[in-house]
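Just protein12.pdb here, PDB, N, CA and C atoms:
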ATOM      1  N   MET J  10     102.058 119.118 110.883
ATOM      2  CA  MET J  10     103.001 118.277 110.178
ATOM      3  C   MET J  10     102.539 118.156 108.723
ATOM      4  N   HIS J  11     103.447 118.262 107.773
ATOM      5  CA  HIS J  11     103.113 118.189 106.360
ATOM      6  C   HIS J  11     102.877 116.751 105.893
ATOM      7  N   ALA J  12     103.692 115.833 106.369
ATOM      8  CA  ALA J  12     103.596 114.444 105.918
ATOM      9  C   ALA J  12     102.554 113.692 106.728
ATOM     10  N   THR J  13     101.826 112.824 106.060
ATOM     11  CA  THR J  13     100.849 111.998 106.767
ATOM     12  C   THR J  13     101.181 110.523 106.648
ATOM     13  N   ASP J  14     102.051 110.147 105.723
ATOM     14  CA  ASP J  14     102.368 108.740 105.508
ATOM     15  C   ASP J  14     103.705 108.313 106.111
ATOM     16  N   LEU J  15     104.627 109.216 106.246
ATOM     17  CA  LEU J  15     105.955 108.906 106.772
ATOM     18  C   LEU J  15     106.235 109.845 107.936
ATOM     19  N   ASP J  16     106.019 109.367 109.150
ATOM     20  CA  ASP J  16     106.245 110.235 110.298
ATOM     21  C   ASP J  16     107.738 110.319 110.619
ATOM     22  N   PHE J  17     108.087 111.219 111.511
ATOM     23  CA  PHE J  17     109.493 111.441 111.821
ATOM     24  C   PHE J  17     110.177 110.202 112.396
ATOM     25  N   GLY J  18     109.461 109.447 113.196
ATOM     26  CA  GLY J  18     110.034 108.226 113.754
ATOM     27  C   GLY J  18     110.398 107.229 112.662
ATOM     28  N   ALA J  19     109.500 107.056 111.703
ATOM     29  CA  ALA J  19     109.779 106.145 110.585
ATOM     30  C   ALA J  19     110.920 106.674 109.731
ATOM     31  N   LEU J  20     110.954 107.981 109.500
ATOM     32  CA  LEU J  20     112.011 108.571 108.693
ATOM     33  C   LEU J  20     113.372 108.372 109.339
ATOM     34  N   ILE J  21     113.494 108.637 110.628
ATOM     35  CA  ILE J  21     114.794 108.482 111.280
ATOM     36  C   ILE J  21     115.195 107.011 111.341
ATOM     37  N   SER J  22     114.237 106.100 111.427
ATOM     38  CA  SER J  22     114.555 104.665 111.389
ATOM     39  C   SER J  22     115.141 104.266 110.035
ATOM     40  N   ILE J  23     114.558 104.766 108.970
ATOM     41  CA  ILE J  23     115.064 104.475 107.626
ATOM     42  C   ILE J  23     116.452 105.074 107.436
ATOM     43  N   ILE J  24     116.635 106.303 107.898
ATOM     44  CA  ILE J  24     117.955 106.930 107.812
ATOM     45  C   ILE J  24     118.968 106.099 108.577
ATOM     46  N   ASP J  25     118.619 105.650 109.758
ATOM     47  CA  ASP J  25     119.514 104.839 110.589
ATOM     48  C   ASP J  25     119.894 103.535 109.887
ATOM     49  N   GLN J  26     118.951 102.935 109.192
ATOM     50  CA  GLN J  26     119.212 101.674 108.484
ATOM     51  C   GLN J  26     120.054 101.878 107.231
ATOM     52  N   GLN J  27     119.841 102.967 106.524
ATOM     53  CA  GLN J  27     120.443 103.157 105.209
ATOM     54  C   GLN J  27     121.732 103.973 105.193
ATOM     55  N   LEU J  28     121.950 104.817 106.170
ATOM     56  CA  LEU J  28     123.085 105.722 106.144
ATOM     57  C   LEU J  28     124.369 105.004 106.535
ATOM     58  N   SER J  29     125.413 105.210 105.751
ATOM     59  CA  SER J  29     126.708 104.596 106.066
ATOM     60  C   SER J  29     127.280 105.204 107.344
ATOM     61  N   ALA J  30     128.297 104.571 107.883
ATOM     62  CA  ALA J  30     128.885 105.012 109.140
ATOM     63  C   ALA J  30     129.408 106.444 109.059
ATOM     64  N   ASP J  31     129.922 106.850 107.916
ATOM     65  CA  ASP J  31     130.443 108.204 107.767
ATOM     66  C   ASP J  31     129.553 109.079 106.882
ATOM     67  N   GLY J  32     128.326 108.638 106.666
ATOM     68  CA  GLY J  32     127.402 109.373 105.806
ATOM     69  C   GLY J  32     126.763 110.569 106.493
ATOM     70  N   LYS J  33     126.119 111.368 105.677
ATOM     71  CA  LYS J  33     125.362 112.530 106.156
ATOM     72  C   LYS J  33     123.966 112.464 105.555
ATOM     73  N   CYS J  34     123.006 112.997 106.259
ATOM     74  CA  CYS J  34     121.660 113.127 105.712
ATOM     75  C   CYS J  34     121.186 114.544 105.976
ATOM     76  N   SER J  35     120.325 115.001 105.109
ATOM     77  CA  SER J  35     119.789 116.351 105.295
ATOM     78  C   SER J  35     118.272 116.308 105.232
ATOM     79  N   VAL J  36     117.664 117.191 105.987
ATOM     80  CA  VAL J  36     116.218 117.323 105.992
ATOM     81  C   VAL J  36     115.868 118.800 105.881
ATOM     82  N   LEU J  37     114.757 119.069 105.244
ATOM     83  CA  LEU J  37     114.174 120.408 105.163
ATOM     84  C   LEU J  37     112.788 120.300 105.764
ATOM     85  N   LEU J  38     112.580 120.992 106.870
ATOM     86  CA  LEU J  38     111.324 120.856 107.612
ATOM     87  C   LEU J  38     110.770 122.225 107.996
ATOM     88  N   PRO J  39     109.477 122.268 108.282
ATOM     89  CA  PRO J  39     108.941 123.498 108.860
ATOM     90  C   PRO J  39     109.698 123.833 110.158
ATOM     91  N   TYR J  40     109.976 125.084 110.364
ATOM     92  CA  TYR J  40     110.724 125.544 111.529
ATOM     93  C   TYR J  40     110.117 125.017 112.834
ATOM     94  N   SER J  41     108.810 125.050 112.922
ATOM     95  CA  SER J  41     108.135 124.638 114.162
ATOM     96  C   SER J  41     108.210 123.136 114.405
ATOM     97  N   GLU J  42     108.442 122.353 113.353
ATOM     98  CA  GLU J  42     108.506 120.894 113.478
ATOM     99  C   GLU J  42     109.929 120.385 113.703
ATOM    100  N   PHE J  43     110.916 121.194 113.369
ATOM    101  CA  PHE J  43     112.300 120.738 113.426
ATOM    102  C   PHE J  43     112.725 120.235 114.811
ATOM    103  N   PRO J  44     112.366 120.904 115.914
ATOM    104  CA  PRO J  44     112.781 120.395 117.229
ATOM    105  C   PRO J  44     112.311 118.965 117.504
ATOM    106  N   LYS J  45     111.162 118.580 117.001
ATOM    107  CA  LYS J  45     110.668 117.215 117.192
ATOM    108  C   LYS J  45     111.568 116.214 116.478
ATOM    109  N   PHE J  46     111.931 116.540 115.225
ATOM    110  CA  PHE J  46     112.811 115.651 114.475
ATOM    111  C   PHE J  46     114.195 115.606 115.120
ATOM    112  N   LEU J  47     114.699 116.749 115.543
ATOM    113  CA  LEU J  47     116.011 116.816 116.180
ATOM    114  C   LEU J  47     116.073 115.925 117.414
ATOM    115  N   GLN J  48     115.047 115.968 118.228
ATOM    116  CA  GLN J  48     115.011 115.148 119.445
ATOM    117  C   GLN J  48     115.068 113.660 119.098
ATOM    118  N   LEU J  49     114.294 113.242 118.099
ATOM    119  CA  LEU J  49     114.311 111.836 117.677
ATOM    120  C   LEU J  49     115.662 111.440 117.107
ATOM    121  N   ALA J  50     116.244 112.312 116.296
ATOM    122  CA  ALA J  50     117.542 112.019 115.683
ATOM    123  C   ALA J  50     118.623 111.868 116.756
ATOM    124  N   GLN J  51     118.642 112.775 117.718
ATOM    125  CA  GLN J  51     119.643 112.694 118.779
ATOM    126  C   GLN J  51     119.452 111.453 119.635
ATOM    127  N   ALA J  52     118.223 111.058 119.864
ATOM    128  CA  ALA J  52     117.950 109.834 120.630
ATOM    129  C   ALA J  52     118.460 108.595 119.905
ATOM    130  N   ARG J  53     118.552 108.650 118.566
ATOM    131  CA  ARG J  53     119.072 107.533 117.759
ATOM    132  C   ARG J  53     120.569 107.634 117.517
ATOM    133  N   GLY J  54     121.224 108.618 118.132
ATOM    134  CA  GLY J  54     122.675 108.729 118.026
ATOM    135  C   GLY J  54     123.178 109.606 116.899
ATOM    136  N   PHE J  55     122.309 110.434 116.344
ATOM    137  CA  PHE J  55     122.727 111.357 115.292
ATOM    138  C   PHE J  55     123.044 112.716 115.899
ATOM    139  N   GLY J  56     124.042 113.373 115.322
ATOM    140  CA  GLY J  56     124.402 114.720 115.741
ATOM    141  C   GLY J  56     124.058 115.701 114.638
ATOM    142  N   LEU J  57     123.685 116.891 115.040
ATOM    143  CA  LEU J  57     123.330 117.950 114.097
ATOM    144  C   LEU J  57     124.599 118.716 113.724
ATOM    145  N   ALA J  58     125.098 118.479 112.509
ATOM    146  CA  ALA J  58     126.326 119.125 112.054
ATOM    147  C   ALA J  58     126.070 120.549 111.579
ATOM    148  N   LEU J  59     124.940 120.768 110.911
ATOM    149  CA  LEU J  59     124.624 122.085 110.378
ATOM    150  C   LEU J  59     123.139 122.351 110.539
ATOM    151  N   ARG J  60     122.832 123.547 110.983
ATOM    152  CA  ARG J  60     121.439 123.998 111.074
ATOM    153  C   ARG J  60     121.337 125.327 110.349
ATOM    154  N   LEU J  61     120.417 125.402 109.407
ATOM    155  CA  LEU J  61     120.173 126.628 108.657
ATOM    156  C   LEU J  61     118.704 126.996 108.811
ATOM    157  N   ASP J  62     118.444 128.089 109.526
ATOM    158  CA  ASP J  62     117.079 128.583 109.698
ATOM    159  C   ASP J  62     116.802 129.610 108.611
ATOM    160  N   VAL J  63     115.657 129.456 107.939
ATOM    161  CA  VAL J  63     115.332 130.265 106.770
ATOM    162  C   VAL J  63     114.128 131.162 107.070
ATOM    163  N   GLN J  64     114.259 132.421 106.664
ATOM    164  CA  GLN J  64     113.121 133.330 106.765
ATOM    165  C   GLN J  64     112.926 134.016 105.421
ATOM    166  N   GLN J  65     111.679 134.340 105.122
ATOM    167  CA  GLN J  65     111.343 134.916 103.830
ATOM    168  C   GLN J  65     111.853 136.344 103.699
ATOM    169  N   SER J  66     111.694 137.134 104.726
ATOM    170  CA  SER J  66     112.116 138.536 104.701
ATOM    171  C   SER J  66     112.342 138.981 106.138
ATOM    172  N   PRO J  67     112.927 140.162 106.312
ATOM    173  CA  PRO J  67     113.122 140.649 107.689
ATOM    174  C   PRO J  67     111.812 140.824 108.459
ATOM    175  N   ARG J  68     110.707 140.960 107.757
ATOM    176  CA  ARG J  68     109.399 141.138 108.406
ATOM    177  C   ARG J  68     108.779 139.821 108.862
ATOM    178  N   HIS J  69     109.336 138.702 108.425
ATOM    179  CA  HIS J  69     108.789 137.386 108.741
ATOM    180  C   HIS J  69     109.683 136.651 109.737
ATOM    181  N   GLY J  70     109.062 135.757 110.480
ATOM    182  CA  GLY J  70     109.828 134.864 111.332
ATOM    183  C   GLY J  70     110.385 133.716 110.501
ATOM    184  N   PHE J  71     111.144 132.853 111.143
ATOM    185  CA  PHE J  71     111.666 131.678 110.452
ATOM    186  C   PHE J  71     110.512 130.763 110.065
ATOM    187  N   PHE J  72     110.610 130.142 108.880
ATOM    188  CA  PHE J  72     109.549 129.238 108.441
ATOM    189  C   PHE J  72     110.064 127.867 108.013
ATOM    190  N   ARG J  73     111.343 127.725 107.755
ATOM    191  CA  ARG J  73     111.935 126.425 107.399
ATOM    192  C   ARG J  73     113.276 126.287 108.109
ATOM    193  N   THR J  74     113.656 125.017 108.341
ATOM    194  CA  THR J  74     114.980 124.704 108.865
ATOM    195  C   THR J  74     115.569 123.567 108.052
ATOM    196  N   VAL J  75     116.816 123.755 107.657
ATOM    197  CA  VAL J  75     117.595 122.694 107.020
ATOM    198  C   VAL J  75     118.501 122.125 108.101
ATOM    199  N   GLY J  76     118.521 120.819 108.216
ATOM    200  CA  GLY J  76     119.417 120.167 109.159
ATOM    201  C   GLY J  76     120.255 119.129 108.446
ATOM    202  N   ILE J  77     121.551 119.133 108.689
ATOM    203  CA  ILE J  77     122.442 118.100 108.158
ATOM    204  C   ILE J  77     122.971 117.324 109.352
ATOM    205  N   PHE J  78     122.737 116.013 109.317
ATOM    206  CA  PHE J  78     123.043 115.130 110.440
ATOM    207  C   PHE J  78     124.130 114.124 110.080
ATOM    208  N   THR J  79     124.917 113.755 111.082
ATOM    209  CA  THR J  79     125.903 112.684 110.972
ATOM    210  C   THR J  79     125.709 111.764 112.175
ATOM    211  N   ARG J  80     126.373 110.642 112.123
ATOM    212  CA  ARG J  80     126.327 109.743 113.282
ATOM    213  C   ARG J  80     127.279 110.259 114.360
ATOM    214  N   GLY J  81     126.846 110.196 115.601
ATOM    215  CA  GLY J  81     127.689 110.612 116.712
ATOM    216  C   GLY J  81     127.541 112.090 117.047
ATOM    217  N   GLU J  82     128.244 112.483 118.102
ATOM    218  CA  GLU J  82     128.174 113.866 118.569
ATOM    219  C   GLU J  82     129.073 114.749 117.714
ATOM    220  N   VAL J  83     128.594 115.927 117.415
ATOM    221  CA  VAL J  83     129.350 116.908 116.642
ATOM    222  C   VAL J  83     129.057 118.298 117.198
ATOM    223  N   VAL J  84     129.906 119.231 116.840
ATOM    224  CA  VAL J  84     129.642 120.637 117.156
ATOM    225  C   VAL J  84     128.774 121.180 116.028
ATOM    226  N   THR J  85     127.655 121.763 116.389
ATOM    227  CA  THR J  85     126.710 122.256 115.390
ATOM    228  C   THR J  85     127.126 123.623 114.871
ATOM    229  N   GLN J  86     127.193 123.728 113.555
ATOM    230  CA  GLN J  86     127.374 125.026 112.902
ATOM    231  C   GLN J  86     125.973 125.555 112.604
ATOM    232  N   ALA J  87     125.669 126.750 113.070
ATOM    233  CA  ALA J  87     124.332 127.321 112.888
ATOM    234  C   ALA J  87     124.425 128.584 112.048
ATOM    235  N   ASP J  88     123.450 128.763 111.177
ATOM    236  CA  ASP J  88     123.409 129.934 110.317
ATOM    237  C   ASP J  88     121.956 130.256 109.994
ATOM    238  N   THR J  89     121.744 131.426 109.409
ATOM    239  CA  THR J  89     120.413 131.828 108.967
ATOM    240  C   THR J  89     120.499 132.237 107.500
ATOM    241  N   LEU J  90     119.372 132.153 106.825
ATOM    242  CA  LEU J  90     119.289 132.561 105.430
ATOM    243  C   LEU J  90     118.046 133.410 105.257
ATOM    244  N   LEU J  91     118.242 134.575 104.718
ATOM    245  CA  LEU J  91     117.161 135.497 104.406
ATOM    246  C   LEU J  91     116.940 135.441 102.899
ATOM    247  N   ILE J  92     115.715 135.146 102.463
ATOM    248  CA  ILE J  92     115.433 135.022 101.036
ATOM    249  C   ILE J  92     115.322 136.392 100.374
ATOM    250  N   TYR J  93     114.478 137.259 100.909
ATOM    251  CA  TYR J  93     114.267 138.602 100.355
ATOM    252  C   TYR J  93     114.814 139.647 101.311
ATOM    253  N   GLY J  94     115.560 140.594 100.773
ATOM    254  CA  GLY J  94     116.079 141.693 101.568
ATOM    255  C   GLY J  94     115.361 142.982 101.240
ATOM    256  N   GLU J  95     116.100 144.062 101.306
ATOM    257  CA  GLU J  95     115.550 145.381 101.017
ATOM    258  C   GLU J  95     115.003 145.438  99.595
ATOM    259  N   GLY J  96     113.903 146.143  99.422
ATOM    260  CA  GLY J  96     113.307 146.292  98.103
ATOM    261  C   GLY J  96     112.715 145.018  97.554
ATOM    262  N   ASN J  97     112.481 144.059  98.422
ATOM    263  CA  ASN J  97     111.895 142.773  98.016
ATOM    264  C   ASN J  97     112.715 142.075  96.923
ATOM    265  N   GLN J  98     114.040 142.219  97.004
ATOM    266  CA  GLN J  98     114.968 141.571  96.073
ATOM    267  C   GLN J  98     115.617 140.375  96.764
ATOM    268  N   TYR J  99     115.930 139.339  95.982
ATOM    269  CA  TYR J  99     116.642 138.196  96.554
ATOM    270  C   TYR J  99     117.957 138.663  97.161
ATOM    271  N   THR J 100     118.306 138.103  98.316
ATOM    272  CA  THR J 100     119.588 138.444  98.936
ATOM    273  C   THR J 100     120.724 137.770  98.179
ATOM    274  N   ASP J 101     121.920 138.318  98.320
ATOM    275  CA  ASP J 101     123.101 137.734  97.676
ATOM    276  C   ASP J 101     123.329 136.307  98.161
ATOM    277  N   ALA J 102     123.101 136.069  99.442
ATOM    278  CA  ALA J 102     123.299 134.719  99.993
ATOM    279  C   ALA J 102     122.332 133.718  99.370
ATOM    280  N   PHE J 103     121.083 134.120  99.189
ATOM    281  CA  PHE J 103     120.090 133.236  98.579
ATOM    282  C   PHE J 103     120.459 132.936  97.137
ATOM    283  N   VAL J 104     120.853 133.961  96.392
ATOM    284  CA  VAL J 104     121.243 133.769  94.992
ATOM    285  C   VAL J 104     122.455 132.842  94.901
ATOM    286  N   ALA J 105     123.457 133.075  95.731
ATOM    287  CA  ALA J 105     124.664 132.247  95.695
ATOM    288  C   ALA J 105     124.350 130.777  95.996
ATOM    289  N   LEU J 106     123.437 130.551  96.903
ATOM    290  CA  LEU J 106     123.097 129.184  97.294
ATOM    291  C   LEU J 106     122.277 128.454  96.239
ATOM    292  N   LEU J 107     121.373 129.162  95.562
ATOM    293  CA  LEU J 107     120.404 128.484  94.690
ATOM    294  C   LEU J 107     120.483 128.837  93.202
ATOM    295  N   LYS J 108     121.465 129.610  92.796
ATOM    296  CA  LYS J 108     121.516 130.048  91.396
ATOM    297  C   LYS J 108     121.644 128.891  90.412
ATOM    298  N   GLU J 109     122.220 127.797  90.817
ATOM    299  CA  GLU J 109     122.359 126.632  89.940
ATOM    300  C   GLU J 109     121.025 125.904  89.727
ATOM    301  N   TYR J 110     120.036 126.207  90.551
ATOM    302  CA  TYR J 110     118.774 125.486  90.511
ATOM    303  C   TYR J 110     117.604 126.320  89.997
ATOM    304  N   TYR J 111     117.788 127.627  89.902
ATOM    305  CA  TYR J 111     116.730 128.517  89.434
ATOM    306  C   TYR J 111     117.173 129.199  88.151
ATOM    307  N   LEU J 112     116.305 129.280  87.179
ATOM    308  CA  LEU J 112     116.641 129.892  85.893
ATOM    309  C   LEU J 112     116.741 131.408  85.968
ATOM    310  N   TYR J 113     115.977 132.037  86.832
ATOM    311  CA  TYR J 113     115.857 133.486  86.804
ATOM    312  C   TYR J 113     116.377 134.164  88.054
ATOM    313  N   LEU J 114     117.508 133.718  88.552
ATOM    314  CA  LEU J 114     118.115 134.413  89.703
ATOM    315  C   LEU J 114     119.233 135.303  89.226
TER     316      LEU J 114
END
Take the structure in this file and express it as structure tokens.
Amino acid sequence: MHATDLDFGALISIIDQQLSADGKCSVLLPYSEFPKFLQLAQARGFGLALRLDVQQSPRHGFFRTVGIFTRGEVVTQADTLLIYGEGNQYTDAFVALLKEYYLYL
């Protein structure tokens, strides 16, 4: 786990207290840690609206997961994002998603 001061239980409690009835929250977590957060979120009545699993290149496994949660049950939209493709170049999907945030894409 990356965080040592704010564990997943505390984080989901804060989200539960602060999020409006029709609000959404998003988290970016290590791929291996995401199932733990998902279980806690679902136990508190949150549904996973979007899951995006991220991998660095085709040679690597997934290393991050983005989750967007809402209150209540929802059908989860799942997708993957590959950062580097052939020739170690950024993929079109990665550029389209992050070009507004990076100067040199």
Go through J:Ser35, J:Thr89, J:Gln51, J:Thr100 and flag the residue nearest Gly76 (chain J), using all atoms listed in the file for the distances. J:Ser35
Chain and number of each residue from the PyMOL selection byres ((chain J and resi 71) around 7), as a PyMOL selection string: chain J and resi 39-41+62-65+69-70+72-74
Around all the atoms of region 106-109 of chain J listed in the file, with 4 Å of room on each side, what axis-aligned box do you get, giving centre and edge lengths in Å to one decimal, as AutoDock Vina command-line options?
--center_x 121.9 --center_y 128.2 --center_z 93.5 --size_x 11.0 --size_y 12.6 --size_z 15.6
Please provide as a list in words all residues within 6 Å of Gly54 (chain J), with the sequence filter that same-chain residues fewer than 2 positions apart are discarded (counting all atoms listed in the file). Ala50, Gln51, Ala52, Gly56, Thr79, Arg80, Gly81 and Glu82 of chain J
For the structure I just gave you, how does DSSP split chain J - specifically, which residues are strand (DSSP E)? Reply as a PyMOL selection string. chain J and resi 33-39+55-64+71-80+86-91
Convert the output of the PyMOL selection byres ((chain J and resi 103) around 8) on the shown file into explicit residues, formatted as a ChimeraX atom specification. /J:90-93,99-102,104-108,114
Considering only N, CA and C atoms, can you say which of J:Ile23, J:Leu28, J:Val75, J:Ala58 comes closest to Phe43 (chain J)? J:Val75
Figure out the distance between atom N of Phe17 (chain J) and CA of Phe46 (chain J), please, to one decimal in Å. 7.1 Å
